[in-house]
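Here the structure comes first, spelled out in structure tokens, and everything after it is commentary.
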There are 2 protein chains.
Amino acid sequence: MTTTSTAPVFAALGDPHRQQLLTLLARGGAASASSLAPSLPVSRQAVDRHLRILSSAGLVEPRRSGREVLYSVRRAELDRSAAWLRDLADGWDRRLSAIKAAAEAPE
Amino acid sequence: MTTTSTAPVFAALGDPHRQQLLTLLARGGAASASSLAPSLPVSRQAVDRHLRILSSAGLVEPRRSGREVLYSVRRAELDRSAAWLRDLADGWDRRLSAIKAAAEAPE
DNA sequence: AACACGTGCAACACTTTATTTGCAGGTCAA
DNA sequence: TTGACCTGCAAATAAAGTGTTGCACGTGTT
């Protein structure tokens, strides 16, 4: 089940510009699309779209402040994705120990 | 720097079929494209391409065994991606404590 | 009210991705 | 050698993603 629900998250993380936006938000705090755009080599509208994608993946959260919309990082989703990776790695480890055990006790 | 190098990894993880292939490999051990294809609702060739993408992202590794090509999970890359997520979350935590400290000591 | 600024949306072009079918070539077994 | 099975590659198509420009609409400010 987590198999499909984390896919949009990883897909969102799979773009360099979006990674850049995430690190900017993580280090600089909440910011708007317009204020972030100068830091990237793309237009304000493109940044806006990336932030929407990150938002629908649950990685950032929009908050209205006056006439601006400030986006901030949502840690919970980062943790959830990291947990998925960890479970995958654990499954692989279990597989390896099963092979090792089978090799040591042929019958 | 890791910003761009992990992007292909996350992009590879961002597809449900590829996630499914990874979990199959992690739990069932090394397998070929042909043997995996019946478990997915796509053709053998499509599975092959997904495995190539996972392979070029470093998430799986091909190994020739007779007339088959067996793919197996590469734990190192899983760990590397998990580390990237952890660093991002840590950066966000540092940001939060900086804000908190500033609030407690206005000047 | 008038102006500036930030957002939201639509149209468009371009590139990439996903997937299929078909076929050629290699490898193993009878 | 013949047949079965697996891999590898090409062409075709449909869909999605990335980016741009232009413009309309709120929301503050003067």
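Here, A, B, ... name the chains of the structure tokens in the order displayed, residue numbers run from 1 inside each chain, and ligands are numbered from 1 in the same displayed order.
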
For chain D against chain A, which residues fall within 10 Å using only C-alpha atoms (C1' of nucleotides), given as a PDB file with all heavy atoms, in the first residue's frame?
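Saved result, iface.pdb, follows:
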```pdb
ATOM      1  P    DT D  18       8.444  17.624 -14.312  1.00  0.00           P
ATOM      2  OP1  DT D  18       9.608  17.216 -13.533  1.00  0.00           O
ATOM      3  OP2  DT D  18       7.225  18.105 -13.643  1.00  0.00           O
ATOM      4  O5'  DT D  18       8.909  18.699 -15.370  1.00  0.00           O
ATOM      5  C5'  DT D  18       9.998  18.389 -16.231  1.00  0.00           C
ATOM      6  C4'  DT D  18      10.352  19.586 -17.074  1.00  0.00           C
ATOM      7  O4'  DT D  18       9.384  19.732 -18.127  1.00  0.00           O
ATOM      8  C3'  DT D  18      10.350  20.913 -16.302  1.00  0.00           C
ATOM      9  O3'  DT D  18      11.569  21.604 -16.525  1.00  0.00           O
ATOM     10  C2'  DT D  18       9.143  21.664 -16.860  1.00  0.00           C
ATOM     11  C1'  DT D  18       9.030  21.078 -18.255  1.00  0.00           C
ATOM     12  N1   DT D  18       7.656  21.138 -18.820  1.00  0.00           N
ATOM     13  C2   DT D  18       7.496  21.625 -20.110  1.00  0.00           C
ATOM     14  O2   DT D  18       8.424  22.014 -20.789  1.00  0.00           O
ATOM     15  N3   DT D  18       6.190  21.645 -20.551  1.00  0.00           N
ATOM     16  C4   DT D  18       5.070  21.232 -19.870  1.00  0.00           C
ATOM     17  O4   DT D  18       3.957  21.298 -20.368  1.00  0.00           O
ATOM     18  C5   DT D  18       5.313  20.728 -18.531  1.00  0.00           C
ATOM     19  C7   DT D  18       4.169  20.256 -17.713  1.00  0.00           C
ATOM     20  C6   DT D  18       6.580  20.708 -18.088  1.00  0.00           C
ATOM     21  P    DG D  19      11.932  22.877 -15.677  1.00  0.00           P
ATOM     22  OP1  DG D  19      13.397  22.934 -15.564  1.00  0.00           O
ATOM     23  OP2  DG D  19      11.087  22.904 -14.464  1.00  0.00           O
ATOM     24  O5'  DG D  19      11.451  24.061 -16.625  1.00  0.00           O
ATOM     25  C5'  DG D  19      12.181  24.296 -17.811  1.00  0.00           C
ATOM     26  C4'  DG D  19      11.390  25.159 -18.763  1.00  0.00           C
ATOM     27  O4'  DG D  19      10.177  24.487 -19.136  1.00  0.00           O
ATOM     28  C3'  DG D  19      10.896  26.486 -18.173  1.00  0.00           C
ATOM     29  O3'  DG D  19      11.846  27.525 -18.434  1.00  0.00           O
ATOM     30  C2'  DG D  19       9.626  26.766 -18.954  1.00  0.00           C
ATOM     31  C1'  DG D  19       9.296  25.468 -19.627  1.00  0.00           C
ATOM     32  N9   DG D  19       7.924  25.047 -19.333  1.00  0.00           N
ATOM     33  C8   DG D  19       7.435  24.460 -18.209  1.00  0.00           C
ATOM     34  N7   DG D  19       6.149  24.229 -18.257  1.00  0.00           N
ATOM     35  C5   DG D  19       5.767  24.709 -19.496  1.00  0.00           C
ATOM     36  C6   DG D  19       4.511  24.743 -20.122  1.00  0.00           C
ATOM     37  O6   DG D  19       3.420  24.351 -19.682  1.00  0.00           O
ATOM     38  N1   DG D  19       4.571  25.318 -21.379  1.00  0.00           N
ATOM     39  C2   DG D  19       5.715  25.803 -21.980  1.00  0.00           C
ATOM     40  N2   DG D  19       5.593  26.325 -23.201  1.00  0.00           N
ATOM     41  N3   DG D  19       6.914  25.769 -21.425  1.00  0.00           N
ATOM     42  C4   DG D  19       6.857  25.210 -20.181  1.00  0.00           C
ATOM     43  P    DT D  20      11.481  29.017 -17.963  1.00  0.00           P
ATOM     44  OP1  DT D  20      12.751  29.768 -17.926  1.00  0.00           O
ATOM     45  OP2  DT D  20      10.645  28.948 -16.754  1.00  0.00           O
ATOM     46  O5'  DT D  20      10.580  29.551 -19.153  1.00  0.00           O
ATOM     47  C5'  DT D  20      11.094  29.520 -20.483  1.00  0.00           C
ATOM     48  C4'  DT D  20      10.069  30.067 -21.472  1.00  0.00           C
ATOM     49  O4'  DT D  20       8.938  29.157 -21.525  1.00  0.00           O
ATOM     50  C3'  DT D  20       9.501  31.413 -21.051  1.00  0.00           C
ATOM     51  O3'  DT D  20      10.070  32.465 -21.823  1.00  0.00           O
ATOM     52  C2'  DT D  20       8.014  31.316 -21.333  1.00  0.00           C
ATOM     53  C1'  DT D  20       7.769  29.901 -21.744  1.00  0.00           C
ATOM     54  N1   DT D  20       6.698  29.307 -20.902  1.00  0.00           N
ATOM     55  C2   DT D  20       5.428  29.237 -21.411  1.00  0.00           C
ATOM     56  O2   DT D  20       5.130  29.625 -22.522  1.00  0.00           O
ATOM     57  N3   DT D  20       4.499  28.696 -20.559  1.00  0.00           N
ATOM     58  C4   DT D  20       4.708  28.226 -19.281  1.00  0.00           C
ATOM     59  O4   DT D  20       3.802  27.769 -18.610  1.00  0.00           O
ATOM     60  C5   DT D  20       6.073  28.340 -18.800  1.00  0.00           C
ATOM     61  C7   DT D  20       6.424  27.871 -17.440  1.00  0.00           C
ATOM     62  C6   DT D  20       6.989  28.863 -19.634  1.00  0.00           C
ATOM     63  P    DG D  26     -11.405  38.590  -8.298  1.00  0.00           P
ATOM     64  OP1  DG D  26     -12.596  37.757  -8.371  1.00  0.00           O
ATOM     65  OP2  DG D  26     -11.499  40.052  -8.565  1.00  0.00           O
ATOM     66  O5'  DG D  26     -10.753  38.383  -6.863  1.00  0.00           O
ATOM     67  C5'  DG D  26      -9.727  39.233  -6.525  1.00  0.00           C
ATOM     68  C4'  DG D  26      -8.759  38.570  -5.572  1.00  0.00           C
ATOM     69  O4'  DG D  26      -7.428  38.707  -6.120  1.00  0.00           O
ATOM     70  C3'  DG D  26      -8.725  39.283  -4.235  1.00  0.00           C
ATOM     71  O3'  DG D  26      -8.203  38.426  -3.226  1.00  0.00           O
ATOM     72  C2'  DG D  26      -7.778  40.440  -4.523  1.00  0.00           C
ATOM     73  C1'  DG D  26      -6.792  39.832  -5.516  1.00  0.00           C
ATOM     74  N9   DG D  26      -6.408  40.743  -6.601  1.00  0.00           N
ATOM     75  C8   DG D  26      -7.199  41.248  -7.590  1.00  0.00           C
ATOM     76  N7   DG D  26      -6.541  42.040  -8.406  1.00  0.00           N
ATOM     77  C5   DG D  26      -5.245  42.026  -7.929  1.00  0.00           C
ATOM     78  C6   DG D  26      -4.088  42.688  -8.403  1.00  0.00           C
ATOM     79  O6   DG D  26      -3.978  43.429  -9.387  1.00  0.00           O
ATOM     80  N1   DG D  26      -2.984  42.405  -7.623  1.00  0.00           N
ATOM     81  C2   DG D  26      -2.972  41.604  -6.517  1.00  0.00           C
ATOM     82  N2   DG D  26      -1.825  41.429  -5.886  1.00  0.00           N
ATOM     83  N3   DG D  26      -4.049  40.956  -6.062  1.00  0.00           N
ATOM     84  C4   DG D  26      -5.147  41.232  -6.817  1.00  0.00           C
ATOM     85  P    DT D  27      -8.443  38.805  -1.723  1.00  0.00           P
ATOM     86  OP1  DT D  27      -8.380  37.547  -0.969  1.00  0.00           O
ATOM     87  OP2  DT D  27      -9.638  39.666  -1.665  1.00  0.00           O
ATOM     88  O5'  DT D  27      -7.177  39.680  -1.334  1.00  0.00           O
ATOM     89  C5'  DT D  27      -5.891  39.111  -1.454  1.00  0.00           C
ATOM     90  C4'  DT D  27      -4.814  40.152  -1.212  1.00  0.00           C
ATOM     91  O4'  DT D  27      -4.583  40.943  -2.401  1.00  0.00           O
ATOM     92  C3'  DT D  27      -5.150  41.157  -0.110  1.00  0.00           C
ATOM     93  O3'  DT D  27      -3.985  41.365   0.656  1.00  0.00           O
ATOM     94  C2'  DT D  27      -5.510  42.410  -0.875  1.00  0.00           C
ATOM     95  C1'  DT D  27      -4.534  42.291  -2.027  1.00  0.00           C
ATOM     96  N1   DT D  27      -4.860  43.100  -3.243  1.00  0.00           N
ATOM     97  C2   DT D  27      -3.827  43.735  -3.877  1.00  0.00           C
ATOM     98  O2   DT D  27      -2.673  43.659  -3.509  1.00  0.00           O
ATOM     99  N3   DT D  27      -4.207  44.465  -4.986  1.00  0.00           N
ATOM    100  C4   DT D  27      -5.476  44.616  -5.488  1.00  0.00           C
ATOM    101  O4   DT D  27      -5.684  45.293  -6.482  1.00  0.00           O
ATOM    102  C5   DT D  27      -6.512  43.917  -4.761  1.00  0.00           C
ATOM    103  C7   DT D  27      -7.929  44.022  -5.212  1.00  0.00           C
ATOM    104  C6   DT D  27      -6.156  43.204  -3.679  1.00  0.00           C
ATOM    105  P    DG D  28      -4.053  41.526   2.172  1.00  0.00           P
ATOM    106  OP1  DG D  28      -4.053  40.212   2.816  1.00  0.00           O
ATOM    107  OP2  DG D  28      -5.152  42.491   2.419  1.00  0.00           O
ATOM    108  O5'  DG D  28      -2.667  42.229   2.509  1.00  0.00           O
ATOM    109  C5'  DG D  28      -2.702  43.604   2.719  1.00  0.00           C
ATOM    110  C4'  DG D  28      -1.706  44.278   1.793  1.00  0.00           C
ATOM    111  O4'  DG D  28      -2.289  44.416   0.485  1.00  0.00           O
ATOM    112  C3'  DG D  28      -1.394  45.698   2.284  1.00  0.00           C
ATOM    113  O3'  DG D  28      -0.005  45.823   2.506  1.00  0.00           O
ATOM    114  C2'  DG D  28      -1.900  46.615   1.201  1.00  0.00           C
ATOM    115  C1'  DG D  28      -2.013  45.697  -0.008  1.00  0.00           C
ATOM    116  N9   DG D  28      -3.111  46.091  -0.875  1.00  0.00           N
ATOM    117  C8   DG D  28      -4.433  45.726  -0.777  1.00  0.00           C
ATOM    118  N7   DG D  28      -5.195  46.223  -1.717  1.00  0.00           N
ATOM    119  C5   DG D  28      -4.319  46.965  -2.501  1.00  0.00           C
ATOM    120  C6   DG D  28      -4.569  47.724  -3.668  1.00  0.00           C
ATOM    121  O6   DG D  28      -5.641  47.898  -4.255  1.00  0.00           O
ATOM    122  N1   DG D  28      -3.395  48.315  -4.140  1.00  0.00           N
ATOM    123  C2   DG D  28      -2.148  48.181  -3.569  1.00  0.00           C
ATOM    124  N2   DG D  28      -1.153  48.814  -4.167  1.00  0.00           N
ATOM    125  N3   DG D  28      -1.901  47.464  -2.479  1.00  0.00           N
ATOM    126  C4   DG D  28      -3.034  46.887  -1.995  1.00  0.00           C
TER     127       DG D  28
END
```

Interface, chain C side, toward chain A (10 Å; only C-alpha atoms (C1' of nucleotides)) as a VMD selection string: chain C and resid 5 to 8

Listing only residues of chain A within 9 Å of chain B, what is the closest atom pair and its distance in Å (to one decimal) for each, using only C-alpha atoms, sorted by chain and residue number ascending, as a Markdown table?
```
| residue | atom | partner | partner_atom | distance |
| --- | --- | --- | --- | --- |
| A:Thr3 | CA | B:Gln19 | CA | 6.4 |
| A:Thr4 | CA | B:Pro16 | CA | 5.5 |
| A:Ser5 | CA | B:Pro16 | CA | 8.7 |
| A:Thr6 | CA | B:Gly14 | CA | 7.7 |
| A:Ala7 | CA | B:Gly14 | CA | 4.5 |
| A:Pro8 | CA | B:Gly14 | CA | 6.0 |
| A:Val9 | CA | B:Gly14 | CA | 7.0 |
| A:Phe10 | CA | B:Gly14 | CA | 4.5 |
| A:Ala11 | CA | B:Gly14 | CA | 3.9 |
| A:Ala12 | CA | B:Gly14 | CA | 7.5 |
| A:Leu13 | CA | B:Phe10 | CA | 5.7 |
| A:Gly14 | CA | B:Ala11 | CA | 3.9 |
| A:Asp15 | CA | B:Ala7 | CA | 5.7 |
| A:Pro16 | CA | B:Thr4 | CA | 5.5 |
| A:His17 | CA | B:Thr4 | CA | 8.8 |
| A:Gln19 | CA | B:Thr3 | CA | 6.4 |
| A:Gln20 | CA | B:Thr3 | CA | 7.0 |
| A:Leu22 | CA | B:Leu88 | CA | 7.9 |
| A:Thr23 | CA | B:Leu88 | CA | 6.6 |
| A:Leu25 | CA | B:Trp92 | CA | 7.9 |
| A:Ala26 | CA | B:Trp92 | CA | 4.4 |
| A:Arg27 | CA | B:Gly91 | CA | 5.8 |
| A:Gly28 | CA | B:Arg95 | CA | 7.2 |
| A:Gly29 | CA | B:Arg95 | CA | 6.6 |
| A:Val73 | CA | B:Trp92 | CA | 7.3 |
| A:Arg74 | CA | B:Trp92 | CA | 8.9 |
| A:Arg75 | CA | B:Ala89 | CA | 6.2 |
| A:Leu78 | CA | B:Leu85 | CA | 6.4 |
| A:Asp79 | CA | B:Ala89 | CA | 7.7 |
| A:Ser81 | CA | B:Leu85 | CA | 8.0 |
| A:Ala82 | CA | B:Ala82 | CA | 5.4 |
| A:Ala83 | CA | B:Ala82 | CA | 8.4 |
| A:Leu85 | CA | B:Leu78 | CA | 6.4 |
| A:Arg86 | CA | B:Ala82 | CA | 7.3 |
| A:Leu88 | CA | B:Thr23 | CA | 6.6 |
| A:Ala89 | CA | B:Arg75 | CA | 6.2 |
| A:Asp90 | CA | B:Ala26 | CA | 8.5 |
| A:Gly91 | CA | B:Ala26 | CA | 5.6 |
| A:Trp92 | CA | B:Ala26 | CA | 4.4 |
| A:Asp93 | CA | B:Ala26 | CA | 8.1 |
| A:Arg94 | CA | B:Arg27 | CA | 7.9 |
| A:Arg95 | CA | B:Arg27 | CA | 6.1 |
| A:Leu96 | CA | B:Gly29 | CA | 8.1 |
```

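Backbone DSSP assigns strand (DSSP E) in chain A to Val60, Glu61, Pro62, Arg63, Arg64, Ser65, Glu68, Val69, Leu70, Tyr71, Ser72 and Val73 of chain A.
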
Interatomic distance, atom C1' of DT2 of chain D to atom C1' of DG26 of chain C (Å, one decimal): 15.1 Å

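Coordinates place atom CA of Arg52 of chain B at a distance of 21.7 Å from atom C1' of DA14 of chain D.
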
Coordinates-based distance that separates atom C1' of DT17 of chain C from atom CA of Glu61 of chain A (Å, one decimal): 28.2 Å

Going by DSSP on the backbone, which residues of chain B come out as helix (DSSP H, G or I)? List them as a CSV table (one decimal) with N, CA and C atoms, in the first residue's frame.
```csv
chain,number,residue,atom,x,y,z
B,2,THR,N,25.2,16.6,-4.0
B,2,THR,CA,24.4,15.4,-4.0
B,2,THR,C,23.0,15.7,-4.5
B,3,THR,N,22.8,17.0,-4.6
B,3,THR,CA,21.4,17.4,-5.0
B,3,THR,C,21.1,16.9,-6.4
B,4,THR,N,22.0,17.0,-7.3
B,4,THR,CA,21.7,16.5,-8.6
B,4,THR,C,22.0,15.0,-8.8
B,5,SER,N,22.9,14.5,-8.0
B,5,SER,CA,23.2,13.1,-8.2
B,5,SER,C,22.2,12.1,-7.7
B,7,ALA,N,19.0,12.9,-7.8
B,7,ALA,CA,17.7,13.1,-8.6
B,7,ALA,C,17.3,11.9,-9.4
B,8,PRO,N,18.2,11.3,-10.2
B,8,PRO,CA,17.9,10.1,-11.0
B,8,PRO,C,17.4,9.0,-10.1
B,9,VAL,N,18.0,8.8,-8.9
B,9,VAL,CA,17.6,7.8,-8.0
B,9,VAL,C,16.1,8.0,-7.6
B,10,PHE,N,15.8,9.2,-7.2
B,10,PHE,CA,14.4,9.4,-6.7
B,10,PHE,C,13.4,9.3,-7.9
B,11,ALA,N,13.9,9.8,-9.1
B,11,ALA,CA,13.0,9.7,-10.2
B,11,ALA,C,12.7,8.3,-10.5
B,12,ALA,N,13.7,7.4,-10.4
B,12,ALA,CA,13.5,6.0,-10.6
B,12,ALA,C,12.6,5.4,-9.6
B,13,LEU,N,12.6,5.9,-8.4
B,13,LEU,CA,11.7,5.4,-7.3
B,13,LEU,C,10.3,6.0,-7.5
B,16,PRO,N,5.4,3.6,-9.8
B,16,PRO,CA,4.8,2.4,-9.0
B,16,PRO,C,5.3,1.1,-9.5
B,17,HIS,N,5.4,0.9,-10.8
B,17,HIS,CA,5.9,-0.3,-11.4
B,17,HIS,C,7.3,-0.6,-10.9
B,18,ARG,N,8.1,0.4,-10.9
B,18,ARG,CA,9.5,0.2,-10.5
B,18,ARG,C,9.6,0.0,-9.0
B,19,GLN,N,8.7,0.6,-8.2
B,19,GLN,CA,8.7,0.3,-6.8
B,19,GLN,C,8.3,-1.2,-6.6
B,20,GLN,N,7.4,-1.6,-7.4
B,20,GLN,CA,6.9,-3.0,-7.3
B,20,GLN,C,8.1,-4.0,-7.6
B,21,LEU,N,8.8,-3.6,-8.7
B,21,LEU,CA,9.9,-4.5,-9.0
B,21,LEU,C,11.0,-4.5,-7.9
B,22,LEU,N,11.2,-3.4,-7.3
B,22,LEU,CA,12.2,-3.3,-6.3
B,22,LEU,C,11.8,-4.2,-5.1
B,23,THR,N,10.5,-4.1,-4.7
B,23,THR,CA,10.1,-4.9,-3.5
B,23,THR,C,10.1,-6.4,-3.9
B,24,LEU,N,9.8,-6.7,-5.1
B,24,LEU,CA,9.9,-8.1,-5.5
B,24,LEU,C,11.3,-8.6,-5.4
B,25,LEU,N,12.2,-7.8,-5.9
B,25,LEU,CA,13.6,-8.2,-5.8
B,25,LEU,C,14.2,-8.2,-4.4
B,26,ALA,N,13.7,-7.3,-3.6
B,26,ALA,CA,14.2,-7.2,-2.2
B,26,ALA,C,13.7,-8.5,-1.4
B,27,ARG,N,12.5,-8.9,-1.7
B,27,ARG,CA,11.9,-10.0,-0.9
B,27,ARG,C,12.2,-11.3,-1.6
B,28,GLY,N,12.2,-11.4,-2.9
B,28,GLY,CA,12.4,-12.7,-3.5
B,28,GLY,C,13.8,-13.0,-4.0
B,33,ALA,N,14.2,-10.3,-16.0
B,33,ALA,CA,13.0,-9.5,-16.5
B,33,ALA,C,11.9,-10.5,-16.8
B,34,SER,N,12.2,-11.6,-17.5
B,34,SER,CA,11.2,-12.5,-17.9
B,34,SER,C,10.5,-13.1,-16.8
B,35,SER,N,11.2,-13.4,-15.7
B,35,SER,CA,10.5,-14.1,-14.6
B,35,SER,C,9.7,-13.1,-13.8
B,36,LEU,N,10.1,-11.8,-13.8
B,36,LEU,CA,9.3,-10.8,-13.1
B,36,LEU,C,8.1,-10.3,-13.8
B,37,ALA,N,8.1,-10.3,-15.2
B,37,ALA,CA,7.1,-9.8,-16.0
B,37,ALA,C,5.7,-10.3,-15.6
B,38,PRO,N,5.5,-11.6,-15.4
B,38,PRO,CA,4.1,-12.1,-15.1
B,38,PRO,C,3.5,-11.5,-13.8
B,39,SER,N,4.4,-10.9,-12.9
B,39,SER,CA,3.9,-10.3,-11.7
B,39,SER,C,3.4,-8.9,-11.9
B,44,ARG,N,7.0,-7.9,-21.1
B,44,ARG,CA,8.4,-8.3,-20.7
B,44,ARG,C,9.3,-7.2,-21.0
B,45,GLN,N,9.1,-6.6,-22.2
B,45,GLN,CA,10.0,-5.5,-22.6
B,45,GLN,C,9.9,-4.3,-21.8
B,46,ALA,N,8.7,-4.0,-21.3
B,46,ALA,CA,8.5,-2.8,-20.4
B,46,ALA,C,9.2,-3.1,-19.1
B,47,VAL,N,9.1,-4.3,-18.6
B,47,VAL,CA,9.8,-4.6,-17.3
B,47,VAL,C,11.3,-4.4,-17.6
B,48,ASP,N,11.8,-4.9,-18.7
B,48,ASP,CA,13.2,-4.8,-19.0
B,48,ASP,C,13.6,-3.3,-19.0
B,49,ARG,N,12.9,-2.4,-19.6
B,49,ARG,CA,13.2,-1.0,-19.6
B,49,ARG,C,13.2,-0.4,-18.2
B,50,HIS,N,12.2,-0.8,-17.4
B,50,HIS,CA,12.2,-0.4,-16.0
B,50,HIS,C,13.5,-0.8,-15.2
B,51,LEU,N,13.9,-2.1,-15.5
B,51,LEU,CA,15.0,-2.6,-14.8
B,51,LEU,C,16.3,-1.8,-15.3
B,52,ARG,N,16.3,-1.4,-16.5
B,52,ARG,CA,17.4,-0.6,-17.0
B,52,ARG,C,17.5,0.7,-16.3
B,53,ILE,N,16.4,1.3,-16.1
B,53,ILE,CA,16.3,2.6,-15.5
B,53,ILE,C,16.8,2.5,-14.0
B,54,LEU,N,16.3,1.4,-13.4
B,54,LEU,CA,16.7,1.2,-12.0
B,54,LEU,C,18.2,0.9,-11.9
B,55,SER,N,18.7,0.3,-13.0
B,55,SER,CA,20.1,-0.1,-13.0
B,55,SER,C,21.0,1.2,-13.2
B,56,SER,N,20.5,2.1,-14.2
B,56,SER,CA,21.3,3.3,-14.4
B,56,SER,C,21.2,4.2,-13.3
B,75,ARG,N,22.1,-2.3,-2.0
B,75,ARG,CA,21.7,-1.6,-0.8
B,75,ARG,C,22.4,-0.3,-0.7
B,76,ALA,N,23.6,-0.1,-1.2
B,76,ALA,CA,24.4,1.1,-1.0
B,76,ALA,C,23.6,2.3,-1.5
B,77,GLU,N,22.9,2.1,-2.6
B,77,GLU,CA,22.2,3.3,-3.2
B,77,GLU,C,20.9,3.6,-2.4
B,78,LEU,N,20.3,2.6,-1.9
B,78,LEU,CA,19.2,2.8,-1.0
B,78,LEU,C,19.6,3.7,0.2
B,79,ASP,N,20.8,3.3,0.8
B,79,ASP,CA,21.3,4.0,1.9
B,79,ASP,C,21.6,5.4,1.6
B,80,ARG,N,22.2,5.6,0.4
B,80,ARG,CA,22.6,7.0,0.0
B,80,ARG,C,21.4,7.9,-0.1
B,81,SER,N,20.3,7.4,-0.7
B,81,SER,CA,19.1,8.2,-0.9
B,81,SER,C,18.5,8.5,0.5
B,82,ALA,N,18.5,7.5,1.3
B,82,ALA,CA,17.9,7.7,2.7
B,82,ALA,C,18.7,8.8,3.4
B,83,ALA,N,20.1,8.8,3.2
B,83,ALA,CA,20.9,9.8,3.8
B,83,ALA,C,20.6,11.2,3.3
B,84,TRP,N,20.3,11.3,2.0
B,84,TRP,CA,19.9,12.6,1.5
B,84,TRP,C,18.7,13.1,2.1
B,85,LEU,N,17.7,12.2,2.3
B,85,LEU,CA,16.4,12.6,2.9
B,85,LEU,C,16.7,13.1,4.4
B,86,ARG,N,17.6,12.3,5.0
B,86,ARG,CA,17.8,12.6,6.4
B,86,ARG,C,18.5,14.0,6.6
B,87,ASP,N,19.5,14.3,5.7
B,87,ASP,CA,20.1,15.5,5.7
B,87,ASP,C,19.2,16.7,5.5
B,88,LEU,N,18.2,16.5,4.6
B,88,LEU,CA,17.2,17.5,4.3
B,88,LEU,C,16.4,17.7,5.6
B,89,ALA,N,16.0,16.7,6.2
B,89,ALA,CA,15.2,16.8,7.4
B,89,ALA,C,16.0,17.5,8.5
B,90,ASP,N,17.3,17.1,8.6
B,90,ASP,CA,18.1,17.7,9.6
B,90,ASP,C,18.2,19.2,9.4
B,91,GLY,N,18.4,19.6,8.1
B,91,GLY,CA,18.5,21.0,7.8
B,91,GLY,C,17.2,21.8,8.3
B,92,TRP,N,16.1,21.1,8.1
B,92,TRP,CA,14.8,21.7,8.5
B,92,TRP,C,14.8,21.9,10.0
B,93,ASP,N,15.3,20.8,10.7
B,93,ASP,CA,15.3,20.9,12.1
B,93,ASP,C,16.2,22.0,12.6
B,94,ARG,N,17.3,22.2,12.0
B,94,ARG,CA,18.2,23.2,12.4
B,94,ARG,C,17.5,24.6,12.2
B,95,ARG,N,16.8,24.7,11.1
B,95,ARG,CA,16.1,25.9,10.9
B,95,ARG,C,15.1,26.2,12.0
B,96,LEU,N,14.4,25.2,12.4
B,96,LEU,CA,13.4,25.4,13.4
B,96,LEU,C,14.0,25.8,14.7
B,97,SER,N,15.1,25.1,15.1
B,97,SER,CA,15.7,25.5,16.4
B,97,SER,C,16.3,26.9,16.3
B,98,ALA,N,16.8,27.3,15.1
B,98,ALA,CA,17.3,28.7,15.0
B,98,ALA,C,16.2,29.7,15.2
B,99,ILE,N,15.0,29.4,14.7
B,99,ILE,CA,13.8,30.3,14.9
B,99,ILE,C,13.5,30.3,16.3
B,100,LYS,N,13.5,29.2,16.9
B,100,LYS,CA,13.1,29.1,18.4
B,100,LYS,C,14.1,29.9,19.2
B,101,ALA,N,15.3,29.7,18.9
B,101,ALA,CA,16.4,30.4,19.7
B,101,ALA,C,16.2,31.9,19.5
B,102,ALA,N,15.9,32.4,18.3
B,102,ALA,CA,15.8,33.8,18.0
B,102,ALA,C,14.6,34.3,18.7
B,103,ALA,N,13.5,33.5,18.9
B,103,ALA,CA,12.3,34.0,19.5
B,103,ALA,C,12.6,34.1,21.0
B,104,GLU,N,13.5,33.3,21.5
B,104,GLU,CA,13.7,33.3,23.0
B,104,GLU,C,14.7,34.4,23.4
```

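With only C-alpha atoms (C1' of nucleotides) as the atoms that count, the residue of D:DG22, D:DA11, D:DT1, D:DC6 with the shortest distance to Ser65 of chain B is D:DC6.
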